[in-house]
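Everything below belongs to target_34.cif, which stores mmCIF, C-alpha atoms.
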data_query
#
loop_
_atom_site.label_atom_id
_atom_site.label_comp_id
_atom_site.auth_asym_id
_atom_site.auth_seq_id
_atom_site.Cartn_x
_atom_site.Cartn_y
_atom_site.Cartn_z
CA MET A 1 -101.57 8.64 112.76
CA SER A 2 -97.86 9.06 113.44
CA GLY A 3 -95.71 6.70 115.46
CA GLY A 4 -94.83 9.63 117.69
CA GLY A 5 -98.49 10.10 118.48
CA ILE A 6 -98.87 6.49 119.47
CA GLY A 7 -95.72 6.83 121.57
CA GLN A 8 -97.43 9.63 123.46
CA ALA A 9 -100.48 7.47 123.93
CA LEU A 10 -98.38 4.67 125.38
CA GLY A 11 -96.56 7.00 127.76
CA GLU A 12 -99.78 7.76 129.60
CA ILE A 13 -100.71 4.13 130.13
CA ALA A 14 -99.63 2.57 133.44
CA PHE A 15 -98.95 -1.01 132.41
CA GLY A 16 -98.73 -3.41 135.34
CA ALA A 17 -95.71 -5.37 136.48
CA ASP A 18 -96.67 -8.02 133.91
CA GLY A 19 -96.79 -5.39 131.17
CA LEU A 20 -100.55 -5.58 130.85
CA VAL A 21 -103.63 -3.50 131.52
CA PRO A 22 -107.25 -4.66 131.39
CA ALA A 23 -109.25 -3.40 128.44
CA ILE A 24 -113.03 -3.25 128.31
CA ALA A 25 -114.72 -3.52 124.94
CA GLN A 26 -118.02 -1.65 124.86
CA GLN A 27 -120.39 -1.47 121.92
CA HIS A 28 -120.17 2.20 121.01
CA ASP A 29 -123.83 2.92 120.28
CA THR A 30 -125.72 0.72 122.73
CA GLY A 31 -123.35 0.85 125.70
CA GLU A 32 -123.32 -2.95 126.00
CA VAL A 33 -120.22 -4.20 127.79
CA LEU A 34 -119.01 -6.93 125.47
CA MET A 35 -115.91 -8.39 127.09
CA VAL A 36 -112.73 -7.68 129.00
CA ALA A 37 -109.31 -8.73 127.79
CA TRP A 38 -105.72 -7.60 128.30
CA MET A 39 -103.44 -5.32 126.33
CA ASN A 40 -99.69 -4.81 126.34
CA ARG A 41 -97.86 -1.94 124.62
CA GLU A 42 -97.80 -3.67 121.28
CA ALA A 43 -101.51 -4.49 121.44
CA VAL A 44 -102.28 -0.80 121.97
CA GLU A 45 -100.02 0.17 119.09
CA VAL A 46 -101.65 -2.34 116.76
CA THR A 47 -105.15 -1.33 117.87
CA LEU A 48 -104.50 2.35 117.15
CA ALA A 49 -102.59 1.70 113.93
CA GLU A 50 -105.06 -0.78 112.45
CA GLY A 51 -108.30 0.63 113.88
CA ARG A 52 -109.43 -2.71 115.24
CA ALA A 53 -109.12 -4.24 118.69
CA CYS A 54 -105.98 -6.24 119.30
CA TYR A 55 -105.33 -7.84 122.69
CA TRP A 56 -102.61 -9.83 124.38
CA SER A 57 -103.77 -13.39 124.88
CA ARG A 58 -102.46 -14.51 128.25
CA SER A 59 -103.35 -18.15 127.55
CA ARG A 60 -101.64 -18.23 124.17
CA GLY A 61 -98.84 -15.80 125.03
CA ARG A 62 -99.19 -13.78 121.83
CA LEU A 63 -101.02 -10.89 120.22
CA TRP A 64 -104.61 -11.65 119.40
CA ARG A 65 -106.39 -9.60 116.78
CA LYS A 66 -109.99 -10.06 117.87
CA GLY A 67 -111.79 -11.93 115.14
CA GLU A 68 -108.68 -13.32 113.48
CA SER A 69 -110.10 -16.84 113.73
CA SER A 70 -113.81 -16.20 114.11
CA GLY A 71 -114.29 -13.18 111.86
CA GLN A 72 -115.97 -11.43 114.81
CA VAL A 73 -113.90 -8.26 114.44
CA GLN A 74 -114.16 -5.20 116.68
CA ARG A 75 -113.73 -2.00 114.69
CA LEU A 76 -112.26 0.69 116.91
CA VAL A 77 -114.42 3.77 117.37
CA GLU A 78 -112.47 5.35 120.23
CA LEU A 79 -109.83 4.40 122.79
CA ARG A 80 -110.22 5.92 126.25
CA LEU A 81 -108.06 5.82 129.36
CA ASP A 82 -109.08 6.08 133.00
CA CYS A 83 -107.88 8.53 135.63
CA ASP A 84 -105.10 6.29 136.90
CA GLY A 85 -104.06 5.25 133.41
CA ASP A 86 -104.32 1.57 134.28
CA THR A 87 -107.52 0.60 132.49
CA ILE A 88 -108.49 1.06 128.86
CA LEU A 89 -112.00 1.43 127.50
CA LEU A 90 -112.43 0.55 123.84
CA LEU A 91 -115.55 1.82 122.15
CA VAL A 92 -116.00 -0.60 119.29
CA ASP A 93 -118.38 -1.74 116.64
CA GLN A 94 -118.66 -5.48 117.15
CA THR A 95 -119.20 -7.72 114.16
CA GLY A 96 -121.42 -10.60 115.21
CA VAL A 97 -120.73 -11.82 118.73
CA ALA A 98 -117.97 -11.02 121.20
CA CYS A 99 -118.03 -14.20 123.29
CA HIS A 100 -116.36 -17.44 122.30
CA THR A 101 -119.51 -19.24 123.48
CA GLY A 102 -121.41 -17.61 120.62
CA ARG A 103 -123.17 -15.12 122.85
CA ARG A 104 -123.23 -11.44 122.05
CA ASN A 105 -121.31 -10.56 125.22
CA CYS A 106 -119.36 -12.50 127.84
CA PHE A 107 -121.36 -11.38 130.89
CA PHE A 108 -124.24 -13.80 130.52
CA ARG A 109 -124.32 -15.04 134.12
CA ALA A 110 -126.27 -12.95 136.61
CA TRP A 111 -126.54 -13.49 140.35
CA ARG A 112 -130.28 -13.59 141.10
CA ASP A 113 -132.08 -14.91 144.18
CA GLY A 114 -129.07 -16.74 145.50
CA GLY A 115 -127.94 -18.48 142.31
CA TRP A 116 -126.37 -17.92 138.90
CA VAL A 117 -128.83 -17.47 136.05
CA GLU A 118 -127.90 -17.53 132.37
CA ILE A 119 -129.49 -14.43 130.93
CA ALA A 120 -128.43 -14.82 127.30
CA ALA A 121 -128.34 -17.71 124.88
CA PRO A 122 -125.77 -18.31 122.15
CA GLU A 123 -126.64 -16.58 118.89
CA ILE A 124 -124.13 -18.57 116.87
CA ASP A 125 -122.84 -22.11 117.26
CA PRO A 126 -119.20 -21.84 118.37
CA GLU A 127 -118.43 -24.63 115.93
CA ALA A 128 -119.42 -22.28 113.16
CA LEU A 129 -117.02 -19.65 114.50
CA TYR A 130 -113.99 -21.75 115.28
CA GLY A 131 -114.54 -25.13 113.71
CA GLU A 132 -112.63 -27.75 115.67
CA GLN A 133 -111.05 -25.12 117.97
CA SER A 134 -114.40 -24.36 119.59
CA SER A 135 -113.13 -24.57 123.16
CA GLY A 136 -111.12 -21.37 122.88
CA MET B 1 -129.63 -13.99 150.92
CA SER B 2 -128.01 -16.99 152.59
CA GLY B 3 -124.32 -17.42 153.23
CA GLY B 4 -124.50 -20.68 151.28
CA GLY B 5 -125.76 -18.81 148.27
CA ILE B 6 -122.88 -16.40 148.39
CA GLY B 7 -120.54 -19.35 148.79
CA GLN B 8 -121.89 -20.69 145.52
CA ALA B 9 -121.35 -17.34 143.89
CA LEU B 10 -117.74 -17.28 145.02
CA GLY B 11 -117.08 -20.80 143.77
CA GLU B 12 -117.69 -19.74 140.19
CA ILE B 13 -115.31 -16.80 140.32
CA ALA B 14 -111.76 -17.46 139.11
CA PHE B 15 -109.75 -15.18 141.35
CA GLY B 16 -106.21 -14.55 140.10
CA ALA B 17 -102.98 -15.58 141.79
CA ASP B 18 -103.20 -12.36 143.82
CA GLY B 19 -106.74 -13.25 144.93
CA LEU B 20 -108.31 -10.50 142.82
CA VAL B 21 -110.49 -10.07 139.76
CA PRO B 22 -111.24 -6.84 137.92
CA ALA B 23 -114.74 -5.48 138.41
CA ILE B 24 -116.41 -3.01 136.06
CA ALA B 25 -119.03 -0.69 137.50
CA GLN B 26 -121.63 0.27 134.91
CA GLN B 27 -124.55 2.64 135.46
CA HIS B 28 -127.49 0.26 135.15
CA ASP B 29 -129.87 2.45 133.15
CA THR B 30 -127.61 4.47 130.85
CA GLY B 31 -124.88 1.90 130.19
CA GLU B 32 -122.14 4.37 131.14
CA VAL B 33 -118.96 2.61 132.20
CA LEU B 34 -118.12 4.37 135.45
CA MET B 35 -114.88 2.79 136.68
CA VAL B 36 -112.90 -0.40 137.10
CA ALA B 37 -111.61 -1.60 140.44
CA TRP B 38 -110.62 -4.92 141.99
CA MET B 39 -112.48 -7.42 144.14
CA ASN B 40 -111.34 -10.27 146.36
CA ARG B 41 -113.61 -12.91 147.88
CA GLU B 42 -114.52 -10.76 150.82
CA ALA B 43 -115.35 -7.78 148.62
CA VAL B 44 -117.78 -9.94 146.65
CA GLU B 45 -119.35 -11.23 149.86
CA VAL B 46 -119.79 -7.73 151.23
CA THR B 47 -121.16 -6.41 147.94
CA LEU B 48 -123.81 -9.14 147.76
CA ALA B 49 -124.64 -9.00 151.46
CA GLU B 50 -124.91 -5.21 151.69
CA GLY B 51 -126.25 -4.45 148.23
CA ARG B 52 -123.59 -1.82 147.53
CA ALA B 53 -120.27 -2.02 145.72
CA CYS B 54 -117.30 -2.94 147.86
CA TYR B 55 -113.84 -3.33 146.32
CA TRP B 56 -110.37 -4.29 147.42
CA SER B 57 -108.13 -1.25 147.41
CA ARG B 58 -104.73 -2.37 146.16
CA SER B 59 -103.10 0.91 147.20
CA ARG B 60 -104.51 0.84 150.73
CA GLY B 61 -104.47 -2.92 151.15
CA ARG B 62 -107.97 -3.11 152.60
CA LEU B 63 -111.64 -3.38 151.73
CA TRP B 64 -113.08 -0.22 150.27
CA ARG B 65 -116.80 0.37 150.39
CA LYS B 66 -117.24 2.75 147.50
CA GLY B 67 -118.42 6.06 148.87
CA GLU B 68 -117.32 5.43 152.47
CA SER B 69 -115.37 8.71 152.44
CA SER B 70 -117.03 10.63 149.64
CA GLY B 71 -120.64 9.57 150.03
CA GLN B 72 -120.62 8.60 146.33
CA VAL B 73 -122.14 5.18 146.94
CA GLN B 74 -122.88 2.58 144.26
CA ARG B 75 -126.12 0.71 144.98
CA LEU B 76 -125.93 -2.77 143.51
CA VAL B 77 -128.55 -3.56 140.90
CA GLU B 78 -127.02 -6.80 139.62
CA LEU B 79 -123.73 -8.69 139.72
CA ARG B 80 -122.73 -10.50 136.55
CA LEU B 81 -119.84 -12.81 135.71
CA ASP B 82 -118.13 -13.40 132.40
CA CYS B 83 -117.64 -16.66 130.52
CA ASP B 84 -114.23 -17.39 132.05
CA GLY B 85 -115.33 -16.31 135.52
CA ASP B 86 -112.42 -13.91 135.84
CA THR B 87 -114.17 -10.56 135.39
CA ILE B 88 -117.15 -9.15 137.24
CA LEU B 89 -119.64 -6.64 135.88
CA LEU B 90 -121.53 -4.65 138.50
CA LEU B 91 -124.68 -2.91 137.36
CA VAL B 92 -125.05 -0.11 139.85
CA ASP B 93 -126.90 3.07 140.59
CA GLN B 94 -124.18 5.65 141.17
CA THR B 95 -124.79 8.43 143.65
CA GLY B 96 -123.09 11.57 142.37
CA VAL B 97 -119.79 10.87 140.65
CA ALA B 98 -117.67 7.74 140.39
CA CYS B 99 -114.24 9.30 139.81
CA HIS B 100 -112.04 10.70 142.57
CA THR B 101 -111.34 13.66 140.27
CA GLY B 102 -114.98 14.70 140.62
CA ARG B 103 -115.92 13.50 137.15
CA ARG B 104 -118.91 11.29 136.58
CA ASN B 105 -116.74 8.44 135.27
CA CYS B 106 -113.04 7.66 135.20
CA PHE B 107 -112.67 7.32 131.42
CA PHE B 108 -112.43 11.01 130.60
CA ARG B 109 -109.35 10.82 128.35
CA ALA B 110 -109.96 9.94 124.70
CA TRP B 111 -107.34 9.36 122.03
CA ARG B 112 -108.29 11.69 119.16
CA ASP B 113 -106.19 12.89 116.22
CA GLY B 114 -102.94 11.72 117.73
CA GLY B 115 -103.33 13.08 121.25
CA TRP B 116 -105.24 12.69 124.50
CA VAL B 117 -108.31 14.89 124.86
CA GLU B 118 -110.21 15.42 128.10
CA ILE B 119 -113.82 14.81 127.18
CA ALA B 120 -115.43 15.47 130.57
CA ALA B 121 -114.97 18.10 133.23
CA PRO B 122 -115.28 17.62 137.00
CA GLU B 123 -118.83 18.01 138.24
CA ILE B 124 -117.79 18.30 141.88
CA ASP B 125 -114.66 19.73 143.47
CA PRO B 126 -112.69 16.77 144.89
CA GLU B 127 -112.06 18.91 147.96
CA ALA B 128 -115.77 18.82 148.61
CA LEU B 129 -115.74 15.02 148.37
CA TYR B 130 -112.64 14.20 150.37
CA GLY B 131 -111.58 17.36 152.18
CA GLU B 132 -107.84 17.29 152.74
CA GLN B 133 -107.53 13.75 151.32
CA SER B 134 -108.34 14.98 147.82
CA SER B 135 -105.45 13.20 146.10
CA GLY B 136 -106.99 9.79 146.64
#

Just give me the structure of the file as C-alpha cells.
Amino acid sequence: MSGGGIGQALGEIAFGADGLVPAIAQQHDTGEVLMVAWMNREAVEVTLAEGRACYWSRSRGRLWRKGESSGQVQRLVELRLDCDGDTILLLVDQTGVACHTGRRNCFFRAWRDGGWVEIAAPEIDPEALYGEQSSG
Amino acid sequence: MSGGGIGQALGEIAFGADGLVPAIAQQHDTGEVLMVAWMNREAVEVTLAEGRACYWSRSRGRLWRKGESSGQVQRLVELRLDCDGDTILLLVDQTGVACHTGRRNCFFRAWRDGGWVEIAAPEIDPEALYGEQSSG
C-alpha cells in the first residue's frame, strides 16, 4: 500500500481539535464490540501500514500497538469510516482478549433492573498478560 | 426504574471534561455497528427513563432523541459500560436506518486497495426522512 494511498485515507478523516478520533474495534466474524480507543494520524498510518491495530494512548501520551505488552494483538481485517468522518470502525481478528481486565471485551457491565451487573468474567489473569503492570 | 437507580448508573460513567462520552449504537440481534454519537448525563437519564436512545447533539447543542425528526427510532435493549467507564455501548433495535444519508449504518466507507470504497447504498431517500432538512 503506497504512502500516497494512506495520505488519501487520512484526508477523509475529521480528527478533532485534540487530533484524535474514537475507534471501535469489532471482531470481524462475530460482530462482538471489543473496545473503543483513540487514534491520531500516525496511529491510522501505522494501522494501515502494519495491518494491526495501533492506537494513541491518551494516558501514556504515545502510540500504542495493541498487544505490544500483552501479546493480545488485533490483526486488521478492514478499516471503515463513518458518514461524518469522525469515527473509525476497525474490523479485527482479536488474539486472546481485548480488555486489560482479562475479559474478552471491555463492555462487561450491563444496566439491568436498576443496577450494574457484570455479564462476563475474566478469561485470563491480568497478571499473566502484563506481569507487574497489571493495572494498565 | 427509580431515579436513584439512574443516579447510580450515572455515578459509574466517567464523563469527559466536556461532559460527554462516546456511545456506540449496535443492532442487538445482528451485531451491526450502526453509529456513534455522544451522551451527557441528561442523555443517559432520558435513554434509561424512556427506553429509547437519546444523545447530545454537539452540532445543535441540545438533546437529540434519535428519530425525533426522521422516525428512525432506536429502542433500547440494553445499556453497557466499558472497563474505564468512559464509553457506552447501546444495544438497540433500530427502526429503519441509522444514518442521515439513508443508509442502514454510518460506516459505509471501507479502505480497500489504497482507496475508499462505498460498501452500502442508501435504502431510503434522505428527503423522505427529513424533508427540506436533508443535510442534517

Exercise for review: Within 7 Å of Cys54 of chain B, counting only C-alpha atoms, which residues show up once you throw out same-chain ones fewer than 5 positions away? Write them as an MDAnalysis selection string, please.
Suggested key: chainID B and resid 43 46:47 63:66

**Study point:** Exercise answer, chain A residues close to chain B, 8 Å and only C-alpha atoms, as a VMD selection string
**Key:** chain A and resid 1 to 2 5 to 6 8 to 9 22 30 to 32 35 to 36 78 to 83 87 to 89 99 101 106 to 116

Would you mind aligning chain A to chain B, a least-squares fit over all C-alpha atoms taken in order, and returning the superposed chain as a short mmCIF file (atom, residue, chain, number, x, y, z; two decimals) with C-alpha atoms, in the frame of the given file?
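The result, written out as result.cif:
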data_model
loop_
_atom_site.label_atom_id
_atom_site.label_comp_id
_atom_site.auth_asym_id
_atom_site.auth_seq_id
_atom_site.Cartn_x
_atom_site.Cartn_y
_atom_site.Cartn_z
CA MET A 1 -129.61 -14.04 150.85
CA SER A 2 -127.99 -17.01 152.57
CA GLY A 3 -124.29 -17.45 153.19
CA GLY A 4 -124.50 -20.70 151.27
CA GLY A 5 -125.76 -18.82 148.26
CA ILE A 6 -122.88 -16.41 148.40
CA GLY A 7 -120.53 -19.37 148.78
CA GLN A 8 -121.89 -20.71 145.51
CA ALA A 9 -121.36 -17.35 143.90
CA LEU A 10 -117.75 -17.28 145.02
CA GLY A 11 -117.08 -20.80 143.77
CA GLU A 12 -117.70 -19.72 140.19
CA ILE A 13 -115.31 -16.79 140.32
CA ALA A 14 -111.76 -17.45 139.10
CA PHE A 15 -109.75 -15.16 141.34
CA GLY A 16 -106.21 -14.55 140.11
CA ALA A 17 -102.99 -15.58 141.79
CA ASP A 18 -103.22 -12.36 143.82
CA GLY A 19 -106.75 -13.24 144.91
CA LEU A 20 -108.31 -10.51 142.83
CA VAL A 21 -110.50 -10.07 139.78
CA PRO A 22 -111.24 -6.82 137.94
CA ALA A 23 -114.73 -5.46 138.41
CA ILE A 24 -116.41 -3.00 136.07
CA ALA A 25 -119.03 -0.67 137.50
CA GLN A 26 -121.63 0.29 134.91
CA GLN A 27 -124.54 2.63 135.47
CA HIS A 28 -127.48 0.26 135.15
CA ASP A 29 -129.87 2.44 133.15
CA THR A 30 -127.61 4.46 130.87
CA GLY A 31 -124.89 1.89 130.20
CA GLU A 32 -122.15 4.37 131.15
CA VAL A 33 -118.96 2.61 132.20
CA LEU A 34 -118.11 4.36 135.44
CA MET A 35 -114.89 2.79 136.68
CA VAL A 36 -112.90 -0.39 137.10
CA ALA A 37 -111.61 -1.59 140.44
CA TRP A 38 -110.62 -4.91 142.00
CA MET A 39 -112.48 -7.39 144.16
CA ASN A 40 -111.33 -10.24 146.36
CA ARG A 41 -113.60 -12.90 147.88
CA GLU A 42 -114.53 -10.75 150.83
CA ALA A 43 -115.35 -7.77 148.63
CA VAL A 44 -117.79 -9.92 146.65
CA GLU A 45 -119.35 -11.22 149.84
CA VAL A 46 -119.79 -7.72 151.24
CA THR A 47 -121.15 -6.41 147.93
CA LEU A 48 -123.81 -9.13 147.75
CA ALA A 49 -124.64 -8.99 151.46
CA GLU A 50 -124.90 -5.21 151.70
CA GLY A 51 -126.22 -4.44 148.21
CA ARG A 52 -123.58 -1.82 147.53
CA ALA A 53 -120.26 -2.03 145.72
CA CYS A 54 -117.30 -2.94 147.86
CA TYR A 55 -113.84 -3.31 146.33
CA TRP A 56 -110.37 -4.28 147.44
CA SER A 57 -108.13 -1.24 147.42
CA ARG A 58 -104.74 -2.37 146.17
CA SER A 59 -103.11 0.92 147.20
CA ARG A 60 -104.50 0.85 150.72
CA GLY A 61 -104.48 -2.93 151.14
CA ARG A 62 -107.98 -3.11 152.60
CA LEU A 63 -111.65 -3.37 151.73
CA TRP A 64 -113.08 -0.21 150.28
CA ARG A 65 -116.81 0.38 150.42
CA LYS A 66 -117.24 2.76 147.51
CA GLY A 67 -118.42 6.06 148.89
CA GLU A 68 -117.31 5.43 152.46
CA SER A 69 -115.36 8.70 152.44
CA SER A 70 -117.02 10.63 149.64
CA GLY A 71 -120.64 9.57 150.04
CA GLN A 72 -120.62 8.61 146.34
CA VAL A 73 -122.15 5.18 146.96
CA GLN A 74 -122.89 2.60 144.27
CA ARG A 75 -126.11 0.73 145.00
CA LEU A 76 -125.92 -2.75 143.53
CA VAL A 77 -128.55 -3.54 140.91
CA GLU A 78 -127.03 -6.78 139.62
CA LEU A 79 -123.73 -8.67 139.74
CA ARG A 80 -122.72 -10.49 136.56
CA LEU A 81 -119.84 -12.80 135.73
CA ASP A 82 -118.13 -13.40 132.40
CA CYS A 83 -117.63 -16.66 130.54
CA ASP A 84 -114.23 -17.38 132.06
CA GLY A 85 -115.32 -16.31 135.52
CA ASP A 86 -112.42 -13.89 135.84
CA THR A 87 -114.17 -10.56 135.40
CA ILE A 88 -117.15 -9.13 137.25
CA LEU A 89 -119.64 -6.62 135.89
CA LEU A 90 -121.53 -4.63 138.51
CA LEU A 91 -124.68 -2.90 137.37
CA VAL A 92 -125.04 -0.09 139.86
CA ASP A 93 -126.89 3.07 140.59
CA GLN A 94 -124.19 5.65 141.18
CA THR A 95 -124.79 8.44 143.65
CA GLY A 96 -123.08 11.56 142.37
CA VAL A 97 -119.78 10.87 140.65
CA ALA A 98 -117.66 7.74 140.38
CA CYS A 99 -114.24 9.31 139.81
CA HIS A 100 -112.04 10.70 142.54
CA THR A 101 -111.34 13.67 140.25
CA GLY A 102 -114.99 14.69 140.61
CA ARG A 103 -115.94 13.50 137.16
CA ARG A 104 -118.93 11.28 136.58
CA ASN A 105 -116.76 8.44 135.26
CA CYS A 106 -113.04 7.67 135.20
CA PHE A 107 -112.66 7.32 131.42
CA PHE A 108 -112.42 11.00 130.60
CA ARG A 109 -109.35 10.81 128.34
CA ALA A 110 -109.95 9.94 124.70
CA TRP A 111 -107.34 9.36 122.02
CA ARG A 112 -108.28 11.69 119.16
CA ASP A 113 -106.18 12.86 116.21
CA GLY A 114 -102.93 11.70 117.72
CA GLY A 115 -103.33 13.10 121.24
CA TRP A 116 -105.23 12.70 124.50
CA VAL A 117 -108.30 14.89 124.85
CA GLU A 118 -110.21 15.42 128.09
CA ILE A 119 -113.82 14.81 127.18
CA ALA A 120 -115.42 15.46 130.57
CA ALA A 121 -114.98 18.10 133.22
CA PRO A 122 -115.28 17.62 136.98
CA GLU A 123 -118.84 18.01 138.24
CA ILE A 124 -117.79 18.30 141.87
CA ASP A 125 -114.67 19.73 143.47
CA PRO A 126 -112.70 16.78 144.89
CA GLU A 127 -112.07 18.90 147.96
CA ALA A 128 -115.78 18.80 148.61
CA LEU A 129 -115.74 15.00 148.37
CA TYR A 130 -112.65 14.17 150.36
CA GLY A 131 -111.60 17.32 152.15
CA GLU A 132 -107.86 17.23 152.74
CA GLN A 133 -107.54 13.69 151.30
CA SER A 134 -108.35 14.92 147.80
CA SER A 135 -105.46 13.14 146.11
CA GLY A 136 -106.98 9.70 146.61
#

Check your understanding: Where does the PyMOL selection byres ((chain A and resi 67) around 10) land in this file, that is, which residues does it pick, as a PyMOL selection string?
Key -> chain A and resi 52-54+64-66+68-74+94-98+129

Check your understanding: Between atom CA of Gly11 of chain A and atom CA of Trp38 of chain A, what is the distance, to one decimal in Å?
Key ->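 Answer for the atom CA of Gly11 of chain A to atom CA of Trp38 of chain A separation: 17.2 Å.
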
Check your understanding: Between atom CA of Ser57 of chain B and atom CA of Ala25 of chain B, what is the distance, to one decimal in Å?
Key -> 14.7 Å

Check your understanding: For the atom pair atom CA of Ala121 of chain A and atom CA of Arg58 of chain A, what is the interatomic distance in Å to one decimal place?
Key ->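 Computing the Euclidean distance for atom CA of Ala121 of chain A and atom CA of Arg58 of chain A yields 26.3 Å.
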
How would segment 15-22 of chain A look with all heavy atoms restored, written as a short mmCIF file (atom, residue, chain, number, x, y, z; two decimals), keeping the file's coordinate frame?
data_model
loop_
_atom_site.label_atom_id
_atom_site.label_comp_id
_atom_site.auth_asym_id
_atom_site.auth_seq_id
_atom_site.Cartn_x
_atom_site.Cartn_y
_atom_site.Cartn_z
N PHE A 15 -98.94 0.45 132.50
CA PHE A 15 -98.95 -1.01 132.41
C PHE A 15 -98.49 -1.61 133.74
O PHE A 15 -97.63 -1.06 134.43
CB PHE A 15 -98.04 -1.46 131.26
CG PHE A 15 -98.52 -1.03 129.91
CD1 PHE A 15 -97.97 0.08 129.28
CD2 PHE A 15 -99.53 -1.72 129.26
CE1 PHE A 15 -98.41 0.49 128.03
CE2 PHE A 15 -99.99 -1.32 128.01
CZ PHE A 15 -99.43 -0.20 127.40
N GLY A 16 -99.07 -2.75 134.09
CA GLY A 16 -98.73 -3.41 135.34
C GLY A 16 -97.37 -4.08 135.28
O GLY A 16 -96.66 -4.01 134.26
N ALA A 17 -97.01 -4.71 136.39
CA ALA A 17 -95.71 -5.37 136.48
C ALA A 17 -95.57 -6.45 135.39
O ALA A 17 -94.46 -6.73 134.93
CB ALA A 17 -95.54 -5.99 137.86
N ASP A 18 -96.69 -7.00 134.97
CA ASP A 18 -96.67 -8.02 133.91
C ASP A 18 -96.77 -7.40 132.52
O ASP A 18 -96.88 -8.11 131.52
CB ASP A 18 -97.80 -9.03 134.12
CG ASP A 18 -99.17 -8.37 134.21
OD1 ASP A 18 -99.26 -7.13 134.06
OD2 ASP A 18 -100.17 -9.08 134.43
N GLY A 19 -96.74 -6.07 132.46
CA GLY A 19 -96.79 -5.39 131.17
C GLY A 19 -98.17 -5.26 130.58
O GLY A 19 -98.31 -4.87 129.42
N LEU A 20 -99.19 -5.55 131.38
CA LEU A 20 -100.55 -5.58 130.85
C LEU A 20 -101.48 -4.62 131.58
O LEU A 20 -101.24 -4.27 132.73
CB LEU A 20 -101.12 -7.00 131.00
CG LEU A 20 -100.32 -8.13 130.35
CD1 LEU A 20 -100.96 -9.48 130.67
CD2 LEU A 20 -100.22 -7.94 128.83
N VAL A 21 -102.51 -4.19 130.89
CA VAL A 21 -103.63 -3.50 131.52
C VAL A 21 -104.93 -4.15 131.03
O VAL A 21 -104.99 -4.63 129.89
CB VAL A 21 -103.69 -1.98 131.19
CG1 VAL A 21 -102.56 -1.23 131.87
CG2 VAL A 21 -103.67 -1.74 129.69
N PRO A 22 -105.97 -4.16 131.88
CA PRO A 22 -107.25 -4.66 131.39
C PRO A 22 -107.88 -3.67 130.41
O PRO A 22 -107.71 -2.45 130.55
CB PRO A 22 -108.10 -4.79 132.67
CG PRO A 22 -107.45 -3.91 133.68
CD PRO A 22 -106.00 -3.79 133.31
#
